[in-house]
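Here's the structure, in structure tokens; my notes come after.
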Amino acid sequence: MFLSGRYNHQVDDKGRIRIPAKFKDALGSHPYVTVGQNHCLYVFSQEEAQRILSDRFGEVDGFSKDPRLDAMRQIFSRGTSLEEDKQGRFTLPGWLISYANIKKNVVSIGMNNRVELWDEDTWNKYDSEIDADTLFGGNVR
């Protein structure tokens, strides 16, 4: 699975969102959504979420002072599987909408093995602060 691209859409007043078809096909019928970095949401297929989260946190036992425990609590306590309704929408839980500060307009970006959901204003601010020339050492080609 290789996801890329950027799409603009909206979340309705009940927290329902349409995931672009290009992404929805790769994510499957019950994608897993959780908190991501920079106050966006990460959306994975069930299989990819299980693989990544098991690889990263599978050895954390909760009884040691493992620094990954805090991240694990945030990711798992806020994560959930989404179900598609008859109109092709997914309902985002309120706690995730609040975390990502999503108001109305949403930007979905493909990020290799996941989709990121961003509040449009947050994305535009983040994106405008990135200088691609600096990221690639001045050799963007």
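Naming works like this for the structure tokens: A, B, ... for the chains as they're shown, residue 1 at the start of each chain, ligands 1 onward in shown order.
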
Give me the residues within 9 Å of Thr122 of chain A as a PDB file with N, CA, C and O atoms, in the first residue's frame, counting only C-alpha atoms and dropping any in the same chain fewer than 3 places off.
ATOM      1  N   ASN A  38       1.643  16.658  15.604  1.00  0.00           N
ATOM      2  CA  ASN A  38       1.248  17.992  15.148  1.00  0.00           C
ATOM      3  C   ASN A  38      -0.262  18.193  15.134  1.00  0.00           C
ATOM      4  O   ASN A  38      -0.785  18.960  14.340  1.00  0.00           O
ATOM      5  N   HIS A  39      -0.971  17.465  15.974  1.00  0.00           N
ATOM      6  CA  HIS A  39      -2.430  17.573  16.108  1.00  0.00           C
ATOM      7  C   HIS A  39      -3.183  17.217  14.841  1.00  0.00           C
ATOM      8  O   HIS A  39      -4.201  17.829  14.514  1.00  0.00           O
ATOM      9  N   CYS A  40      -2.699  16.227  14.136  1.00  0.00           N
ATOM     10  CA  CYS A  40      -3.485  15.647  13.054  1.00  0.00           C
ATOM     11  C   CYS A  40      -3.945  14.269  13.524  1.00  0.00           C
ATOM     12  O   CYS A  40      -3.599  13.828  14.613  1.00  0.00           O
ATOM     13  N   ALA A 100      -7.636  17.218  17.089  1.00  0.00           N
ATOM     14  CA  ALA A 100      -7.141  17.750  15.819  1.00  0.00           C
ATOM     15  C   ALA A 100      -7.664  19.156  15.539  1.00  0.00           C
ATOM     16  O   ALA A 100      -7.328  19.739  14.510  1.00  0.00           O
ATOM     17  N   ASN A 101      -8.483  19.681  16.453  1.00  0.00           N
ATOM     18  CA  ASN A 101      -9.042  21.028  16.303  1.00  0.00           C
ATOM     19  C   ASN A 101      -9.787  21.189  14.972  1.00  0.00           C
ATOM     20  O   ASN A 101      -9.732  22.242  14.342  1.00  0.00           O
ATOM     21  N   ILE A 102     -10.447  20.124  14.548  1.00  0.00           N
ATOM     22  CA  ILE A 102     -11.186  20.163  13.286  1.00  0.00           C
ATOM     23  C   ILE A 102     -12.471  20.948  13.499  1.00  0.00           C
ATOM     24  O   ILE A 102     -13.263  20.631  14.374  1.00  0.00           O
ATOM     25  N   TRP A 118      -6.248  16.554   8.738  1.00  0.00           N
ATOM     26  CA  TRP A 118      -5.846  17.822   9.339  1.00  0.00           C
ATOM     27  C   TRP A 118      -6.997  18.820   9.260  1.00  0.00           C
ATOM     28  O   TRP A 118      -7.699  18.891   8.249  1.00  0.00           O
ATOM     29  N   ASP A 119      -7.137  19.629  10.296  1.00  0.00           N
ATOM     30  CA  ASP A 119      -7.962  20.819  10.178  1.00  0.00           C
ATOM     31  C   ASP A 119      -7.294  21.678   9.100  1.00  0.00           C
ATOM     32  O   ASP A 119      -6.065  21.813   9.076  1.00  0.00           O
ATOM     33  N   LYS A 125      -1.145  26.350   7.855  1.00  0.00           N
ATOM     34  CA  LYS A 125      -0.075  26.973   8.642  1.00  0.00           C
ATOM     35  C   LYS A 125       1.156  26.072   8.653  1.00  0.00           C
ATOM     36  O   LYS A 125       2.273  26.525   8.393  1.00  0.00           O
ATOM     37  N   TYR A 126       0.954  24.801   8.934  1.00  0.00           N
ATOM     38  CA  TYR A 126       2.069  23.852   8.965  1.00  0.00           C
ATOM     39  C   TYR A 126       2.769  23.802   7.603  1.00  0.00           C
ATOM     40  O   TYR A 126       3.983  23.915   7.500  1.00  0.00           O
ATOM     41  N   ASP A 127       1.979  23.653   6.550  1.00  0.00           N
ATOM     42  CA  ASP A 127       2.516  23.512   5.196  1.00  0.00           C
ATOM     43  C   ASP A 127       3.268  24.769   4.756  1.00  0.00           C
ATOM     44  O   ASP A 127       4.299  24.674   4.089  1.00  0.00           O
TER      45      ASP A 127
END

Residues of chain A in strand (DSSP E), written as a ChimeraX atom specification: /A:6-10,16-17,32-35,41-44,80-81,90-91,105-110,115-119

Could you take the residues named above and write them with N, CA and C atoms, as a PDB file, in the first residue's frame?
ATOM      1  N   ARG A   6      -3.391  14.777  -1.893  1.00  0.00           N
ATOM      2  CA  ARG A   6      -4.005  15.710  -0.951  1.00  0.00           C
ATOM      3  C   ARG A   6      -5.415  16.020  -1.428  1.00  0.00           C
ATOM      4  N   TYR A   7      -6.359  15.971  -0.489  1.00  0.00           N
ATOM      5  CA  TYR A   7      -7.760  16.211  -0.818  1.00  0.00           C
ATOM      6  C   TYR A   7      -8.381  17.111   0.241  1.00  0.00           C
ATOM      7  N   ASN A   8      -9.251  17.996  -0.206  1.00  0.00           N
ATOM      8  CA  ASN A   8      -9.988  18.868   0.706  1.00  0.00           C
ATOM      9  C   ASN A   8     -11.431  18.410   0.764  1.00  0.00           C
ATOM     10  N   HIS A   9     -11.983  18.376   1.969  1.00  0.00           N
ATOM     11  CA  HIS A   9     -13.384  18.010   2.159  1.00  0.00           C
ATOM     12  C   HIS A   9     -13.849  18.570   3.495  1.00  0.00           C
ATOM     13  N   GLN A  10     -15.039  18.179   3.933  1.00  0.00           N
ATOM     14  CA  GLN A  10     -15.605  18.755   5.150  1.00  0.00           C
ATOM     15  C   GLN A  10     -16.099  17.663   6.091  1.00  0.00           C
ATOM     16  N   ARG A  16     -19.293  13.462  10.885  1.00  0.00           N
ATOM     17  CA  ARG A  16     -19.180  12.503   9.781  1.00  0.00           C
ATOM     18  C   ARG A  16     -18.304  13.086   8.678  1.00  0.00           C
ATOM     19  N   ILE A  17     -17.504  12.197   8.117  1.00  0.00           N
ATOM     20  CA  ILE A  17     -16.548  12.601   7.096  1.00  0.00           C
ATOM     21  C   ILE A  17     -16.528  11.556   5.986  1.00  0.00           C
ATOM     22  N   TYR A  32      -8.661   2.239  11.122  1.00  0.00           N
ATOM     23  CA  TYR A  32      -8.327   2.561  12.508  1.00  0.00           C
ATOM     24  C   TYR A  32      -7.793   3.987  12.544  1.00  0.00           C
ATOM     25  N   VAL A  33      -8.355   4.813  13.411  1.00  0.00           N
ATOM     26  CA  VAL A  33      -7.938   6.210  13.524  1.00  0.00           C
ATOM     27  C   VAL A  33      -7.468   6.481  14.944  1.00  0.00           C
ATOM     28  N   THR A  34      -6.414   7.283  15.049  1.00  0.00           N
ATOM     29  CA  THR A  34      -5.888   7.664  16.353  1.00  0.00           C
ATOM     30  C   THR A  34      -5.176   9.002  16.238  1.00  0.00           C
ATOM     31  N   VAL A  35      -4.666   9.480  17.358  1.00  0.00           N
ATOM     32  CA  VAL A  35      -3.959  10.749  17.373  1.00  0.00           C
ATOM     33  C   VAL A  35      -2.637  10.622  16.639  1.00  0.00           C
ATOM     34  N   LEU A  41      -4.744  13.612  12.712  1.00  0.00           N
ATOM     35  CA  LEU A  41      -5.187  12.249  13.014  1.00  0.00           C
ATOM     36  C   LEU A  41      -4.527  11.296  12.030  1.00  0.00           C
ATOM     37  N   TYR A  42      -4.123  10.134  12.519  1.00  0.00           N
ATOM     38  CA  TYR A  42      -3.569   9.089  11.668  1.00  0.00           C
ATOM     39  C   TYR A  42      -4.660   8.061  11.406  1.00  0.00           C
ATOM     40  N   VAL A  43      -4.814   7.691  10.148  1.00  0.00           N
ATOM     41  CA  VAL A  43      -5.796   6.687   9.766  1.00  0.00           C
ATOM     42  C   VAL A  43      -5.056   5.569   9.038  1.00  0.00           C
ATOM     43  N   PHE A  44      -5.202   4.350   9.545  1.00  0.00           N
ATOM     44  CA  PHE A  44      -4.551   3.169   8.988  1.00  0.00           C
ATOM     45  C   PHE A  44      -5.603   2.127   8.620  1.00  0.00           C
ATOM     46  N   THR A  80      -9.607   4.234  17.632  1.00  0.00           N
ATOM     47  CA  THR A  80     -10.848   3.490  17.442  1.00  0.00           C
ATOM     48  C   THR A  80     -10.975   3.041  15.991  1.00  0.00           C
ATOM     49  N   SER A  81     -11.746   2.009  15.792  1.00  0.00           N
ATOM     50  CA  SER A  81     -12.085   1.566  14.437  1.00  0.00           C
ATOM     51  C   SER A  81     -13.307   2.335  13.969  1.00  0.00           C
ATOM     52  N   PHE A  90     -17.844   8.171   7.522  1.00  0.00           N
ATOM     53  CA  PHE A  90     -17.321   7.635   8.763  1.00  0.00           C
ATOM     54  C   PHE A  90     -17.514   8.701   9.835  1.00  0.00           C
ATOM     55  N   THR A  91     -17.921   8.290  11.033  1.00  0.00           N
ATOM     56  CA  THR A  91     -18.113   9.242  12.122  1.00  0.00           C
ATOM     57  C   THR A  91     -16.876   9.260  13.006  1.00  0.00           C
ATOM     58  N   ASN A 105     -13.570  22.381   7.670  1.00  0.00           N
ATOM     59  CA  ASN A 105     -12.794  21.968   6.502  1.00  0.00           C
ATOM     60  C   ASN A 105     -11.633  21.075   6.906  1.00  0.00           C
ATOM     61  N   VAL A 106     -11.488  19.990   6.177  1.00  0.00           N
ATOM     62  CA  VAL A 106     -10.492  18.970   6.473  1.00  0.00           C
ATOM     63  C   VAL A 106      -9.598  18.767   5.254  1.00  0.00           C
ATOM     64  N   VAL A 107      -8.317  18.557   5.501  1.00  0.00           N
ATOM     65  CA  VAL A 107      -7.380  18.170   4.459  1.00  0.00           C
ATOM     66  C   VAL A 107      -6.929  16.756   4.771  1.00  0.00           C
ATOM     67  N   SER A 108      -7.055  15.866   3.786  1.00  0.00           N
ATOM     68  CA  SER A 108      -6.558  14.494   3.901  1.00  0.00           C
ATOM     69  C   SER A 108      -5.311  14.386   3.051  1.00  0.00           C
ATOM     70  N   ILE A 109      -4.241  13.877   3.646  1.00  0.00           N
ATOM     71  CA  ILE A 109      -3.027  13.673   2.863  1.00  0.00           C
ATOM     72  C   ILE A 109      -2.591  12.217   2.979  1.00  0.00           C
ATOM     73  N   GLY A 110      -2.141  11.673   1.867  1.00  0.00           N
ATOM     74  CA  GLY A 110      -1.582  10.329   1.864  1.00  0.00           C
ATOM     75  C   GLY A 110      -0.148  10.379   2.340  1.00  0.00           C
ATOM     76  N   VAL A 115      -3.194   7.655   6.147  1.00  0.00           N
ATOM     77  CA  VAL A 115      -3.777   8.930   5.755  1.00  0.00           C
ATOM     78  C   VAL A 115      -3.740   9.822   6.982  1.00  0.00           C
ATOM     79  N   GLU A 116      -3.412  11.079   6.792  1.00  0.00           N
ATOM     80  CA  GLU A 116      -3.484  12.041   7.877  1.00  0.00           C
ATOM     81  C   GLU A 116      -4.657  12.971   7.614  1.00  0.00           C
ATOM     82  N   LEU A 117      -5.438  13.219   8.661  1.00  0.00           N
ATOM     83  CA  LEU A 117      -6.548  14.162   8.593  1.00  0.00           C
ATOM     84  C   LEU A 117      -6.156  15.402   9.382  1.00  0.00           C
ATOM     85  N   TRP A 118      -6.248  16.554   8.738  1.00  0.00           N
ATOM     86  CA  TRP A 118      -5.846  17.822   9.339  1.00  0.00           C
ATOM     87  C   TRP A 118      -6.997  18.820   9.260  1.00  0.00           C
ATOM     88  N   ASP A 119      -7.137  19.629  10.296  1.00  0.00           N
ATOM     89  CA  ASP A 119      -7.962  20.819  10.178  1.00  0.00           C
ATOM     90  C   ASP A 119      -7.294  21.678   9.100  1.00  0.00           C
TER      91      ASP A 119
END

Residue set, chain A restricted to helix (DSSP H, G or I), as a count of residues only: 52

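Considering the residues A:Gln37, A:Pro93, A:Lys86, A:Asp131 and counting only C-alpha atoms, Ala71 of chain A has its shortest atom-to-atom contact with A:Gln37.
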
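Between atom CA of Arg78 of chain A and atom CA of Pro31 of chain A the interatomic distance comes to 14.0 Å.
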
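Here atom CA of Asp55 of chain A is placed at a distance of 15.5 Å from atom CA of Arg73 of chain A.
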
Interatomic distance (Å, one decimal) between atom CA of Phe136 of chain A and atom CA of Arg114 of chain A: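 The value is 22.4 Å.
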
Residue contacts of segment 50-54 of chain A (10 Å, only C-alpha atoms) excluding same-chain residues fewer than 2 positions away, as a list in words: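 Result of the neighbour search: Tyr32, Phe44, Ser45, Gln46, Glu47, Glu48, Arg56, Phe57, Gly58, Glu59, Val60, Met72, Ile75, Phe76 and Asn113 of chain A.
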
Include C-alpha atoms and write out the residues we just selected as a PDB file, in the first residue's frame.
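Now in again-v2.pdb:
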ATOM      1  CA  TYR A  32      -8.327   2.561  12.508  1.00  0.00           C
ATOM      2  CA  PHE A  44      -4.551   3.169   8.988  1.00  0.00           C
ATOM      3  CA  SER A  45      -6.064   0.028   7.589  1.00  0.00           C
ATOM      4  CA  GLN A  46      -6.762  -2.437  10.411  1.00  0.00           C
ATOM      5  CA  GLU A  47      -3.893  -4.644   9.250  1.00  0.00           C
ATOM      6  CA  GLU A  48      -1.402  -1.784   9.043  1.00  0.00           C
ATOM      7  CA  ARG A  56       6.355  -0.419  18.186  1.00  0.00           C
ATOM      8  CA  PHE A  57       4.640  -1.325  21.460  1.00  0.00           C
ATOM      9  CA  GLY A  58       4.405  -5.121  21.582  1.00  0.00           C
ATOM     10  CA  GLU A  59       7.175  -5.443  24.160  1.00  0.00           C
ATOM     11  CA  VAL A  60       5.894  -2.728  26.507  1.00  0.00           C
ATOM     12  CA  MET A  72       1.101   4.010  24.014  1.00  0.00           C
ATOM     13  CA  ILE A  75      -2.458   6.294  20.992  1.00  0.00           C
ATOM     14  CA  PHE A  76      -4.493   3.342  22.263  1.00  0.00           C
ATOM     15  CA  ASN A 113       1.085   3.675   4.763  1.00  0.00           C
TER      16      ASN A 113
END
